[in-house]
Amino acid sequence: MAERAALEELVKLQGERVRGLKQQKASAELIEEEVGKLLKLKAQLGPDESKQKFVLKTPKGTRDYSPRQMAVREKVFDVIIRCFKRHGAEVIDTPVFELKETLTGKYGEDSKLIYDLKDQGGELLSLRYDLTVPFARYLAMNKLTNIKRYHIAKVYRRDNPAMTRGRYREFYQCDFDIAGNFDPMIPDAECLKIMCEILSSLQIGDFLVKVNDRRILDGMFAICGVSDSKFRTICSSVDKLDKVSWEEVKNEMVGEKGLAPEVADRIGDYVQQHGGVSLVEQLLQDPKLSQNKQALEGLGDLKLLFEYLTLFGIDDKISFDLSLARGLDYYTGVIYEAVLLQTPAQAGEEPLGVGSVAAGGRYDGLVGMFDPKGRKVPCVGLSIGVERIFSIVEQRLEALEEKVRTTETQVLVASAQKKLLEERLKLVSELWDAGIKAELLYKKNPKLLNQLQYCEEAGIPLVAIIGEQELKDGVIKLRSVTSREEVNVRREDLVEEIKRRTGQPLCIC
Amino acid sequence: MPLLGLLPRRAWAALLSQLLRPPCASCTGAVRCQSQGTRDLSPQHMVVREKILDLVISCFKRHGAKGMDTPAFELKETLTEKYGEDSGLMYDLKDQGGELLSLRYDLTVPFARYLAMNKVKKMKRYHVGKVWRRESPSIVQGRYREFCQCDFDIAGQFDPMIPDAECLKIMCEILSGLQLGDFLIKVNDRRIVDGMFAACGVPESKFRAICSSIDKLDKMAWKDVRHEMVAKKGLAPEVADRIGDYVQCHGGVSLVEQMFQDPRLSQNKQALEGLEDLKLLFEYLTLFGIAEKISFDLSLARGLDYYTGVIYEAVLLQTPTQAGEEPLNVGSVAAGGRYDGLVGMFDPKGHKVPCVGLSIGVERIFYIVEQRMKTKGEKVRTTETQVFVATPQKNFLQERLKLITELWDAGIKAEMLYKNNPKLLTQLHYCESTGIPLVVIIGEQELKEGIIKIRSVASREEVAIKRENLVAEIQKRLSES
């Protein structure tokens with residue numbers, strides 16, 4: 001024991017010596033000599049047990065995506081991207097980190113959740129918190145005045161993760177935004193149309209899109225008697241109405257945030273209302289609200305919006321909801337949030353948590369914050385909360401016991417006898433060169449049964465079996481894994497036959 | 001700004017690059033708007049990137065690989081001491097009271113961590129993702145601090161050299177498919193390198209240092225490398241000369257045979273193992289039809305510490321400079337090798353999982369393709385819109401909204417201008433500038449007659465279609481083109 005301790009001490013000292021030499025920029029030769037000594041000492045010590053004590057894990061709030069999860073993710077992204085492209089969006093990408101100053105002051109209370117990079121002597125950097133601020137920075141930087149773009153990428157928030165409910169510290173966002181000065185509410189309506197198309201195509205159940213407007217909220221607070229200084233904080237209380245009851249929200253506003261009870265009651269009269277365009281009409285007649293210029297602007301825009309949504313065929317999915325008061329500071333006009341409607345739990349299925357799966361709104365002032373002359377570029381957009389959707393889709397597949405293939409392999413090249421590796425290598429190469437997705441086992445002499453089992457586990461539909469007799473006859477045995485039917489195909493016809501069976505075009509385009 | 005005058009070519013190209021970059025609105029000289037060594041990818045860049053990544057991923061899938069992903073950062077202790085001399089180039093996250101984290105430096109160490117963590121013994125996987133390195137960015141060479149890697153790896157205990165050969169087959173398929181011109185894959189083996197050093201008399205403590213000198217032979221002349229080894233790394237001159245005899249050799253399988261007969265190497269057990277494996281490898285590569293693209297090159301000595309067996313690197317062969325084209329020297333475009341000891345470093349019991357893999361240097365490939373497009377003045381479409389919904393009259397917004405909904409609901413990619421009363425000419429110009437092939441026009445006349453006009457943007461031919469047949473007619477036209 002003492003010997004080991006002594007050795008460890010020597011290793012430590014030698015390590016320090018080496019570090020010191022490197023810092024002093026001593027000659028490479030000298031450093032090497034000392035490193036050599038260090039390595040010899042370490043070798044004497046044997047395997048470093050302290051190294052094996054660390055826990056193998058991903059950082060808190062993050063996770064790997066297994067092949068199965070990747071397959072689900074790919075399916076979901078496919079639906080989303082197809083929809084974005086259908087609406088004529090271009091795609092961009094931005095770096096994972098921004099200058100710290102770019103992100104500062106854009107997220108209000110949430111700014112403390114930003115991941116900073118260590119000051120390593122260069123610029124101060126932070127990991128992006130969303131895709132909207134980088135977008136605004138991109139627009140200002142490139143002096144763009146109009147663009148319709150989507151961006152799918154991971155963002156980072158040092159939140160309290162709730163991984164079972166799909167809340168992580170690293171998670172994907174799928175954003176679609178329209179920047180530019182256009183005739184009112186047309187782009188806004190298209191954003192809602194896109195949200196509906198995506199949520200319908202994903203087949204994750206019935207959903208509802210709540211819509212409100214920042215100006216209506218602010219106007220409503222004003223006429224109810226909320227002081228300017230309390231606006232944002234009352235906003236975030238009201239925002240909790242989708243999760244907690246009105247009683248609790250009222251208690252928070254009065255008890256914790258110092259709001260007068262009668263003011264809270266007035267707010268309560270409004271925020272518990274939701275409906276279709278008729279509610280918009282009703283509020284336009286509201287004696288108090290109609291006196292407020294801001295609220296009237298918002299109501300006017302919502303009325304126009306509902307007209308367009310009707311033409312888009314989605315008005316039945318939209319609800320004007322006065323309790324919608326989304327967290328982020330930069331919204332200036334219409335705001336919206338899509339929620340899945342609770343389905344009664346089916347046998348064996350966990351009741352899926354309520355929560356938004358998509359959201360967005362209009363933010364006309366953000367780009368101006370990056371432009372040196374303060375030039376504004378109005379923007380409206382949406383963000384799909386895919387992490388929640390991934391878990392829902394995964395759960396659904398598990399409940400249905402649907403098998404998700406993690407590879408797309410169409411053919412396994414197998415051999416029936418020993419010493420046929422060469423032939424397998426030649427054949428699989430032919431298939432790859434013809435664009436066919438094929439595999440072989442990395443064994444010189446695999447058993448046929450093992451090869452067939454591999455196909456069954458991986459879901460590979462066809463096997464091309466090479467046998468001594470068949471080689472002599474110039475044929476390959478093509479076997480369907482599910483039906484177990486086998487047929488001899490001439491070597492020169494094999495590629496065509498496989499393509500025919502797998503529905504592939506005959507030319508590689 | 002460097003002094004103008006006799007600048008080396010790289011500097012001219014760097015200057016040109018800066019001039020061609022779009023001006024930065026909020027950059028007032030002192031204030032940077034974007035982190036050094038990183039860049040946004042505009043829609044034009046993304047189209048090129050997506051095409052290339054599509055090709056790479058199709059190839060990986062064709063070989064039966066499963067996709068996977070890992071977080072952008074790992075626990076600092078996971079990444080520590082895996083990268084040898086390059087460790088100083090890692091981005092650390094600030095200590096904000098939680099775990100100590102660093103941005104991932106490559107996709108291989110996270111893969112090894114994944115295998116150990118999930119006790120996976122066999123896996124064939126691909127991973128496309130960004131990695132981060134605090135290097136000196138060099139925009140000319142397409143080297144950024146944030147860049148994309150495309151990795152393919154086969155983990156597991158298998159019969160020798162079959163997976164290794166498949167990796168090389170994949171590299172060839174990808175590089176051929178990208179049509180970047182002729183390429184060559186250099187192959188060597190860590191055991192041959194180590195055995196050769198030992199046989200030449202290099203002291204063990206100098207192995208890694210001499211290795212990194214030898215690795216520079218693709219950029220520097222032998223005499224300069226020899227000078228570095230002798231003068232800066234303290235290698236005896238006669239040892240350096242012995243090394244020189246070997247590292248200037250490259251060839252096909254016949255060179256492997258030749259080395260078997262080499263008096264010094266054949267005495268070295270390690271080198272013999274390496275040579276045996278290379279011989280077998282060449283057999284398989286011949287069956288795969290790619291032997292003529294592979295060169296056994298004794299000067300190949302790649303940087304990373306964790307390779308244990310075969311190593312390879314693909315380079316594009318210099319095409320003679322065409323008029324106006326910069327000779328593109330981007331170094332290797334793909335590389336990889338066998339690394340049998342890495343997973344064991346993560347396993348508490350040290351259980352090994354042998355691995356072999358490759359990484360496609362897509363950033364360099366993007367750079368080459370983008371340069372070529374710039375030279376040819378090629379422009380690409382950045383949207384896939386098929387149909388534009390237009391009107392020649394005022395007060396037709398509602399009709400356009402109804403019509404476009406019909407198209408979207410039928411899965412057709414369609415756009416319209418966000419204007420209540422756009423001019424027809426403006427709408428047609430929009431189609432031309434964005435490459436939209438078809439326009440559907442609705443106006444008072446059409447509404448009365450219950451028809452829609454379909455116009456081909458290229459030919460300007462117009463034809464009237466009954467409203468109810470519109471979707472079918474458009475789908476027919478789109479499938480024909």
# chains A, B, ... in the order shown; residues from 1 in each chain; ligands from 1
call {"tool": "residues_around", "arguments": {"residues": "Gln44 of chain B", "least_positions_apart": "3", "cutoff": "10 Å", "atoms": "only C-alpha atoms", "output": "ChimeraX atom specification"}}
result
/A:90-92 /B:41,47-49,370,379-383
call {"tool": "write_last_selection", "arguments": {"atoms": "N, CA, C and O atoms", "output": "mmCIF file, in the first residue's frame"}}
result
data_model
loop_
_atom_site.group_PDB
_atom_site.id
_atom_site.type_symbol
_atom_site.label_atom_id
_atom_site.label_comp_id
_atom_site.auth_asym_id
_atom_site.auth_seq_id
_atom_site.Cartn_x
_atom_site.Cartn_y
_atom_site.Cartn_z
ATOM 1 N N GLU A 90 -37.609 28.649 -47.318
ATOM 2 C CA GLU A 90 -36.193 28.310 -47.487
ATOM 3 C C GLU A 90 -35.691 27.827 -46.129
ATOM 4 O O GLU A 90 -36.365 28.023 -45.123
ATOM 5 N N VAL A 91 -34.492 27.252 -46.108
ATOM 6 C CA VAL A 91 -33.968 26.768 -44.833
ATOM 7 C C VAL A 91 -32.632 27.438 -44.548
ATOM 8 O O VAL A 91 -31.867 27.740 -45.468
ATOM 9 N N ILE A 92 -32.361 27.747 -43.293
ATOM 10 C CA ILE A 92 -31.058 28.291 -42.895
ATOM 11 C C ILE A 92 -30.543 27.534 -41.684
ATOM 12 O O ILE A 92 -31.256 26.726 -41.094
ATOM 13 N N LEU B 41 -25.541 29.595 -42.263
ATOM 14 C CA LEU B 41 -25.659 28.971 -43.569
ATOM 15 C C LEU B 41 -26.904 29.522 -44.234
ATOM 16 O O LEU B 41 -28.020 29.305 -43.760
ATOM 17 N N VAL B 47 -28.923 24.376 -49.470
ATOM 18 C CA VAL B 47 -29.331 23.487 -50.556
ATOM 19 C C VAL B 47 -28.169 22.572 -50.950
ATOM 20 O O VAL B 47 -28.329 21.362 -51.090
ATOM 21 N N VAL B 48 -26.992 23.172 -51.089
ATOM 22 C CA VAL B 48 -25.800 22.390 -51.419
ATOM 23 C C VAL B 48 -25.521 21.370 -50.330
ATOM 24 O O VAL B 48 -25.295 20.186 -50.579
ATOM 25 N N ARG B 49 -25.571 21.845 -49.093
ATOM 26 C CA ARG B 49 -25.287 20.989 -47.949
ATOM 27 C C ARG B 49 -26.246 19.804 -47.889
ATOM 28 O O ARG B 49 -25.846 18.660 -47.689
ATOM 29 N N GLU B 370 -19.005 24.525 -53.365
ATOM 30 C CA GLU B 370 -19.408 25.935 -53.423
ATOM 31 C C GLU B 370 -18.467 26.742 -54.303
ATOM 32 O O GLU B 370 -18.905 27.584 -55.087
ATOM 33 N N LYS B 379 -26.528 29.004 -60.039
ATOM 34 C CA LYS B 379 -27.472 29.381 -58.982
ATOM 35 C C LYS B 379 -28.422 28.221 -58.756
ATOM 36 O O LYS B 379 -28.844 27.571 -59.712
ATOM 37 N N VAL B 380 -28.758 27.988 -57.497
ATOM 38 C CA VAL B 380 -29.697 26.909 -57.215
ATOM 39 C C VAL B 380 -30.996 27.459 -56.655
ATOM 40 O O VAL B 380 -31.015 28.499 -56.015
ATOM 41 N N ARG B 381 -32.071 26.732 -56.894
ATOM 42 C CA ARG B 381 -33.367 27.089 -56.299
ATOM 43 C C ARG B 381 -33.289 26.828 -54.813
ATOM 44 O O ARG B 381 -32.771 25.802 -54.377
ATOM 45 N N THR B 382 -33.835 27.737 -54.027
ATOM 46 C CA THR B 382 -33.807 27.535 -52.584
ATOM 47 C C THR B 382 -35.174 27.151 -52.033
ATOM 48 O O THR B 382 -35.331 26.961 -50.831
ATOM 49 N N THR B 383 -36.178 27.049 -52.899
ATOM 50 C CA THR B 383 -37.467 26.534 -52.446
ATOM 51 C C THR B 383 -37.887 25.446 -53.428
ATOM 52 O O THR B 383 -37.285 25.302 -54.488
#
call {"tool": "select_by_dssp", "arguments": {"residues": "segment 16-172 of chain B", "states": "strand (DSSP E or B)", "output": "compact mmCIF listing (two decimals) with all heavy atoms, in the first residue's frame"}}
result
# COMPACT_ATOMS: atom_id res chain seq x y z
N LEU B 41 -25.54 29.60 -42.26
CA LEU B 41 -25.66 28.97 -43.57
C LEU B 41 -26.90 29.52 -44.23
O LEU B 41 -28.02 29.31 -43.76
CB LEU B 41 -25.73 27.45 -43.40
CG LEU B 41 -24.43 26.87 -42.85
CD1 LEU B 41 -24.61 25.39 -42.53
CD2 LEU B 41 -23.30 27.02 -43.85
N LYS B 66 -27.47 2.12 -38.72
CA LYS B 66 -28.54 2.75 -37.96
C LYS B 66 -28.10 4.15 -37.57
O LYS B 66 -26.94 4.38 -37.25
CB LYS B 66 -28.78 1.97 -36.66
CG LYS B 66 -29.05 0.53 -36.88
CD LYS B 66 -29.31 -0.19 -35.57
CE LYS B 66 -29.42 -1.68 -35.84
NZ LYS B 66 -30.03 -2.38 -34.71
N GLY B 67 -29.05 5.07 -37.55
CA GLY B 67 -28.72 6.42 -37.15
C GLY B 67 -28.72 6.54 -35.63
O GLY B 67 -29.40 5.80 -34.95
N ASP B 69 -27.79 9.72 -32.27
CA ASP B 69 -27.39 11.09 -31.97
C ASP B 69 -27.00 11.19 -30.52
O ASP B 69 -27.48 10.42 -29.67
CB ASP B 69 -28.55 12.06 -32.30
CG ASP B 69 -28.08 13.50 -32.42
OD1 ASP B 69 -26.86 13.74 -32.39
OD2 ASP B 69 -28.95 14.39 -32.55
N PHE B 73 -22.95 18.55 -25.79
CA PHE B 73 -21.87 18.57 -24.81
C PHE B 73 -21.87 17.27 -23.99
O PHE B 73 -22.87 16.56 -23.91
CB PHE B 73 -21.94 19.80 -23.89
CG PHE B 73 -23.32 20.16 -23.39
CD1 PHE B 73 -23.99 19.38 -22.46
CD2 PHE B 73 -23.94 21.32 -23.85
CE1 PHE B 73 -25.25 19.74 -22.00
CE2 PHE B 73 -25.20 21.68 -23.38
CZ PHE B 73 -25.86 20.88 -22.46
N GLU B 74 -20.69 16.96 -23.47
CA GLU B 74 -20.51 15.77 -22.64
C GLU B 74 -19.95 16.24 -21.30
O GLU B 74 -19.48 17.37 -21.17
CB GLU B 74 -19.49 14.82 -23.27
CG GLU B 74 -19.87 14.25 -24.61
CD GLU B 74 -20.71 12.97 -24.52
OE1 GLU B 74 -20.71 12.32 -23.45
OE2 GLU B 74 -21.36 12.62 -25.53
N LEU B 75 -19.98 15.35 -20.31
CA LEU B 75 -19.29 15.65 -19.06
C LEU B 75 -17.82 15.83 -19.41
O LEU B 75 -17.27 15.07 -20.21
CB LEU B 75 -19.44 14.49 -18.08
CG LEU B 75 -20.85 14.16 -17.60
CD1 LEU B 75 -20.82 12.96 -16.68
CD2 LEU B 75 -21.46 15.36 -16.89
N ASP B 92 -14.98 24.61 -23.36
CA ASP B 92 -15.59 24.25 -22.08
C ASP B 92 -16.80 25.13 -21.82
O ASP B 92 -16.83 26.28 -22.25
CB ASP B 92 -14.59 24.48 -20.93
CG ASP B 92 -13.45 23.49 -20.97
OD1 ASP B 92 -13.67 22.36 -21.46
OD2 ASP B 92 -12.35 23.83 -20.50
N LEU B 93 -17.75 24.59 -21.10
CA LEU B 93 -18.86 25.42 -20.66
C LEU B 93 -18.48 26.03 -19.32
O LEU B 93 -17.71 25.45 -18.55
CB LEU B 93 -20.14 24.59 -20.55
CG LEU B 93 -21.04 24.69 -21.79
CD1 LEU B 93 -20.37 24.05 -22.99
CD2 LEU B 93 -22.38 24.06 -21.54
N LEU B 101 -18.91 20.70 -18.04
CA LEU B 101 -19.25 20.21 -19.37
C LEU B 101 -18.31 20.77 -20.42
O LEU B 101 -17.74 21.83 -20.26
CB LEU B 101 -20.68 20.64 -19.72
CG LEU B 101 -21.77 20.29 -18.70
CD1 LEU B 101 -23.06 21.05 -19.04
CD2 LEU B 101 -22.03 18.80 -18.69
N SER B 102 -18.17 20.03 -21.52
CA SER B 102 -17.43 20.52 -22.68
C SER B 102 -18.18 20.15 -23.94
O SER B 102 -18.83 19.11 -23.99
CB SER B 102 -16.03 19.89 -22.73
OG SER B 102 -15.28 20.20 -21.59
N LEU B 103 -18.06 21.00 -24.97
CA LEU B 103 -18.68 20.69 -26.26
C LEU B 103 -17.93 19.52 -26.88
O LEU B 103 -16.71 19.44 -26.80
CB LEU B 103 -18.63 21.90 -27.20
CG LEU B 103 -19.42 23.12 -26.76
CD1 LEU B 103 -19.32 24.22 -27.82
CD2 LEU B 103 -20.89 22.76 -26.55
N MET B 123 -22.61 -2.99 -33.10
CA MET B 123 -23.46 -1.94 -33.66
C MET B 123 -22.83 -1.40 -34.93
O MET B 123 -21.62 -1.21 -35.00
CB MET B 123 -23.62 -0.81 -32.65
CG MET B 123 -24.59 0.26 -33.09
SD MET B 123 -24.81 1.48 -31.79
CE MET B 123 -26.21 2.39 -32.43
N LYS B 124 -23.68 -1.14 -35.92
CA LYS B 124 -23.21 -0.50 -37.14
C LYS B 124 -23.99 0.80 -37.23
O LYS B 124 -25.20 0.78 -37.44
CB LYS B 124 -23.49 -1.40 -38.35
CG LYS B 124 -22.98 -0.83 -39.66
CD LYS B 124 -22.90 -1.87 -40.77
CE LYS B 124 -24.16 -2.70 -40.94
NZ LYS B 124 -24.01 -3.71 -42.00
N ARG B 125 -23.31 1.90 -36.99
CA ARG B 125 -24.07 3.13 -36.87
C ARG B 125 -23.49 4.27 -37.68
O ARG B 125 -22.31 4.28 -37.98
CB ARG B 125 -24.19 3.54 -35.40
CG ARG B 125 -22.96 4.25 -34.83
CD ARG B 125 -23.14 5.77 -34.81
NE ARG B 125 -22.06 6.48 -34.14
CZ ARG B 125 -20.93 6.88 -34.70
NH1 ARG B 125 -20.71 6.60 -35.97
NH2 ARG B 125 -20.01 7.54 -34.02
N TYR B 126 -24.35 5.22 -38.04
CA TYR B 126 -23.86 6.47 -38.60
C TYR B 126 -24.34 7.61 -37.72
O TYR B 126 -25.35 7.48 -37.02
CB TYR B 126 -24.30 6.65 -40.06
CG TYR B 126 -25.76 7.02 -40.27
CD1 TYR B 126 -26.17 8.36 -40.28
CD2 TYR B 126 -26.71 6.04 -40.50
CE1 TYR B 126 -27.51 8.70 -40.49
CE2 TYR B 126 -28.04 6.37 -40.72
CZ TYR B 126 -28.43 7.70 -40.71
OH TYR B 126 -29.76 8.03 -40.91
N HIS B 127 -23.59 8.69 -37.76
CA HIS B 127 -23.93 9.85 -36.95
C HIS B 127 -23.49 11.09 -37.70
O HIS B 127 -22.31 11.24 -38.03
CB HIS B 127 -23.20 9.74 -35.59
CG HIS B 127 -23.58 10.82 -34.62
ND1 HIS B 127 -23.01 10.92 -33.36
CD2 HIS B 127 -24.47 11.84 -34.69
CE1 HIS B 127 -23.54 11.95 -32.72
NE2 HIS B 127 -24.43 12.53 -33.50
N VAL B 128 -24.45 11.93 -38.02
CA VAL B 128 -24.14 13.19 -38.69
C VAL B 128 -24.41 14.29 -37.68
O VAL B 128 -25.52 14.40 -37.16
CB VAL B 128 -25.02 13.38 -39.94
CG1 VAL B 128 -24.79 14.76 -40.55
CG2 VAL B 128 -24.72 12.31 -40.95
N GLY B 129 -23.40 15.08 -37.37
CA GLY B 129 -23.62 16.12 -36.36
C GLY B 129 -22.48 17.11 -36.33
O GLY B 129 -21.44 16.92 -36.94
N LYS B 130 -22.71 18.20 -35.57
CA LYS B 130 -21.68 19.22 -35.49
C LYS B 130 -20.72 18.90 -34.35
O LYS B 130 -21.09 18.31 -33.34
CB LYS B 130 -22.32 20.58 -35.22
CG LYS B 130 -23.35 21.00 -36.25
CD LYS B 130 -22.95 22.28 -36.95
CE LYS B 130 -23.94 22.66 -38.00
NZ LYS B 130 -25.08 23.39 -37.44
N VAL B 131 -19.49 19.34 -34.53
CA VAL B 131 -18.50 19.23 -33.46
C VAL B 131 -17.80 20.59 -33.35
O VAL B 131 -17.88 21.41 -34.27
CB VAL B 131 -17.48 18.10 -33.74
CG1 VAL B 131 -18.19 16.77 -33.83
CG2 VAL B 131 -16.67 18.37 -34.97
N TRP B 132 -17.10 20.81 -32.25
CA TRP B 132 -16.52 22.12 -32.00
C TRP B 132 -15.07 22.05 -31.55
O TRP B 132 -14.72 21.25 -30.67
CB TRP B 132 -17.37 22.83 -30.91
CG TRP B 132 -18.75 23.10 -31.40
CD1 TRP B 132 -19.17 24.21 -32.09
CD2 TRP B 132 -19.90 22.25 -31.28
NE1 TRP B 132 -20.51 24.09 -32.41
CE2 TRP B 132 -20.99 22.92 -31.92
CE3 TRP B 132 -20.13 21.00 -30.71
CZ2 TRP B 132 -22.27 22.37 -32.00
CZ3 TRP B 132 -21.41 20.46 -30.79
CH2 TRP B 132 -22.46 21.14 -31.42
N SER B 138 -9.50 28.94 -40.41
CA SER B 138 -8.88 29.34 -41.66
C SER B 138 -9.95 29.24 -42.73
O SER B 138 -10.28 28.17 -43.19
CB SER B 138 -7.71 28.42 -41.98
OG SER B 138 -7.32 28.61 -43.30
N ARG B 143 -11.97 25.71 -42.93
CA ARG B 143 -11.84 25.22 -41.55
C ARG B 143 -12.48 26.19 -40.60
O ARG B 143 -12.07 27.33 -40.47
CB ARG B 143 -10.36 25.07 -41.18
CG ARG B 143 -9.98 23.67 -41.35
CD ARG B 143 -9.11 22.88 -40.54
NE ARG B 143 -8.27 23.40 -39.56
CZ ARG B 143 -6.95 23.37 -39.67
NH1 ARG B 143 -6.39 22.90 -40.75
NH2 ARG B 143 -6.22 23.81 -38.68
N GLU B 146 -16.84 25.52 -35.73
CA GLU B 146 -18.01 24.65 -35.63
C GLU B 146 -18.15 23.99 -36.99
O GLU B 146 -18.21 24.69 -38.00
CB GLU B 146 -19.27 25.47 -35.35
CG GLU B 146 -20.55 24.64 -35.47
CD GLU B 146 -21.83 25.45 -35.32
OE1 GLU B 146 -22.29 26.04 -36.31
OE2 GLU B 146 -22.36 25.47 -34.21
N PHE B 147 -18.15 22.70 -37.05
CA PHE B 147 -18.29 22.06 -38.35
C PHE B 147 -18.96 20.70 -38.23
O PHE B 147 -19.07 20.13 -37.15
CB PHE B 147 -16.94 21.94 -39.08
CG PHE B 147 -15.88 21.19 -38.32
CD1 PHE B 147 -15.67 19.85 -38.57
CD2 PHE B 147 -15.10 21.83 -37.38
CE1 PHE B 147 -14.68 19.15 -37.88
CE2 PHE B 147 -14.11 21.14 -36.69
CZ PHE B 147 -13.90 19.79 -36.94
N CYS B 148 -19.43 20.25 -39.38
CA CYS B 148 -20.25 19.05 -39.45
C CYS B 148 -19.35 17.83 -39.72
O CYS B 148 -18.43 17.92 -40.53
CB CYS B 148 -21.26 19.23 -40.58
SG CYS B 148 -22.43 17.92 -40.70
N GLN B 149 -19.62 16.73 -39.04
CA GLN B 149 -18.93 15.49 -39.36
C GLN B 149 -19.95 14.42 -39.72
O GLN B 149 -21.07 14.41 -39.19
CB GLN B 149 -18.10 15.01 -38.16
CG GLN B 149 -16.81 15.77 -38.00
CD GLN B 149 -15.81 15.05 -37.10
OE1 GLN B 149 -16.21 14.41 -36.15
NE2 GLN B 149 -14.53 15.20 -37.39
N CYS B 150 -19.58 13.54 -40.61
CA CYS B 150 -20.43 12.40 -40.96
C CYS B 150 -19.63 11.15 -40.66
O CYS B 150 -18.70 10.83 -41.39
CB CYS B 150 -20.77 12.42 -42.45
SG CYS B 150 -21.71 13.85 -42.94
N ASP B 151 -20.01 10.48 -39.60
CA ASP B 151 -19.27 9.30 -39.18
C ASP B 151 -20.05 8.01 -39.42
O ASP B 151 -21.26 7.96 -39.24
CB ASP B 151 -18.96 9.39 -37.68
CG ASP B 151 -17.76 10.26 -37.38
OD1 ASP B 151 -17.42 11.13 -38.21
OD2 ASP B 151 -17.16 10.08 -36.31
N PHE B 152 -19.30 6.99 -39.79
CA PHE B 152 -19.85 5.64 -39.92
C PHE B 152 -18.91 4.73 -39.15
O PHE B 152 -17.69 4.79 -39.34
CB PHE B 152 -19.92 5.24 -41.40
CG PHE B 152 -20.26 3.80 -41.63
CD1 PHE B 152 -21.57 3.41 -41.87
CD2 PHE B 152 -19.27 2.82 -41.62
CE1 PHE B 152 -21.90 2.07 -42.08
CE2 PHE B 152 -19.59 1.48 -41.84
CZ PHE B 152 -20.91 1.11 -42.07
N ASP B 153 -19.45 3.88 -38.28
CA ASP B 153 -18.58 2.98 -37.50
C ASP B 153 -19.23 1.62 -37.34
O ASP B 153 -20.45 1.51 -37.24
CB ASP B 153 -18.31 3.57 -36.11
CG ASP B 153 -17.47 4.83 -36.16
OD1 ASP B 153 -18.00 5.89 -36.54
OD2 ASP B 153 -16.27 4.75 -35.84
N ILE B 154 -18.36 0.60 -37.31
CA ILE B 154 -18.82 -0.75 -37.04
C ILE B 154 -18.14 -1.22 -35.76
O ILE B 154 -16.91 -1.32 -35.71
CB ILE B 154 -18.47 -1.70 -38.20
CG1 ILE B 154 -19.15 -1.22 -39.48
CG2 ILE B 154 -18.88 -3.12 -37.87
CD1 ILE B 154 -18.67 -1.92 -40.73
N ALA B 155 -18.95 -1.46 -34.73
CA ALA B 155 -18.40 -1.91 -33.46
C ALA B 155 -18.72 -3.39 -33.29
O ALA B 155 -19.83 -3.83 -33.60
CB ALA B 155 -19.02 -1.12 -32.31
call {"tool": "residues_around", "arguments": {"residues": "Leu56 of chain A", "least_positions_apart": "6", "cutoff": "10 Å", "atoms": "only C-alpha atoms", "output": "list of chain:residue names"}}
result
B:Leu75, B:Glu77, B:Thr78, B:Arg113, B:Tyr114, B:Ala116, B:Met117, B:Asn118, B:Phe346, B:Asp347, B:Pro348
call {"tool": "interface_residues", "arguments": {"of": "chain B", "to": "chain A", "cutoff": "6 Å", "atoms": "only C-alpha atoms", "output": "VMD selection string"}}
result
chain B and resid 24 to 26 35 40 to 43 62 to 64 66 to 70 74 to 75 92 to 94 117 158 to 159 162 205 233 to 234 287 to 288 348 382 to 383 385 402 405 413 to 414 418 to 419
call {"tool": "select_by_dssp", "arguments": {"residues": "segment 175-270 of chain B", "states": "alpha helix (DSSP H)", "output": "number ranges by chain"}}
result
B: 175-177, 190-200, 207-214, 222-227, 237-247, 253-261, 269-270
call {"tool": "atom_distance", "arguments": {"atom1": "atom CA of Arg215 of chain A", "atom2": "atom CA of Gln294 of chain A"}}
result
5.2 Å
call {"tool": "residues_around", "arguments": {"residues": "segment 245-259 of chain A", "least_positions_apart": "4", "cutoff": "12 Å", "atoms": "only C-alpha atoms", "output": "compact mmCIF listing (two decimals) with C-alpha atoms, in the first residue's frame"}}
result
# COMPACT_ATOMS: atom_id res chain seq x y z
CA PHE A 221 -54.90 44.85 -18.06
CA CYS A 224 -58.89 46.55 -15.37
CA GLY A 225 -56.54 48.83 -13.49
CA VAL A 226 -53.24 46.92 -13.56
CA SER A 227 -50.34 49.34 -13.15
CA ASP A 228 -47.81 49.42 -16.01
CA SER A 229 -45.04 48.13 -13.78
CA LYS A 230 -47.01 44.98 -12.95
CA PHE A 231 -47.95 44.14 -16.57
CA ARG A 232 -45.30 41.49 -17.27
CA THR A 233 -45.60 39.78 -13.94
CA ILE A 234 -49.42 39.62 -14.05
CA CYS A 235 -49.03 38.29 -17.58
CA SER A 236 -46.99 35.35 -16.37
CA SER A 237 -49.56 34.58 -13.66
CA VAL A 238 -52.44 34.60 -16.14
CA ASP A 239 -50.34 32.35 -18.41
CA LYS A 240 -50.59 29.61 -15.80
CA LEU A 241 -54.35 29.28 -16.25
CA VAL A 263 -58.58 44.41 -10.17
CA ALA A 264 -58.00 40.66 -10.08
CA ASP A 265 -61.76 40.07 -10.25
CA ARG A 266 -62.10 42.32 -13.28
CA ILE A 267 -59.33 40.40 -14.99
CA GLY A 268 -61.12 37.19 -14.05
CA ASP A 269 -64.23 38.29 -15.93
CA TYR A 270 -62.21 38.44 -19.13
CA VAL A 271 -59.63 35.72 -18.94
CA GLN A 272 -62.08 32.94 -18.33
CA GLN A 273 -63.61 33.56 -21.75
CA SER A 323 -56.17 33.57 -20.84
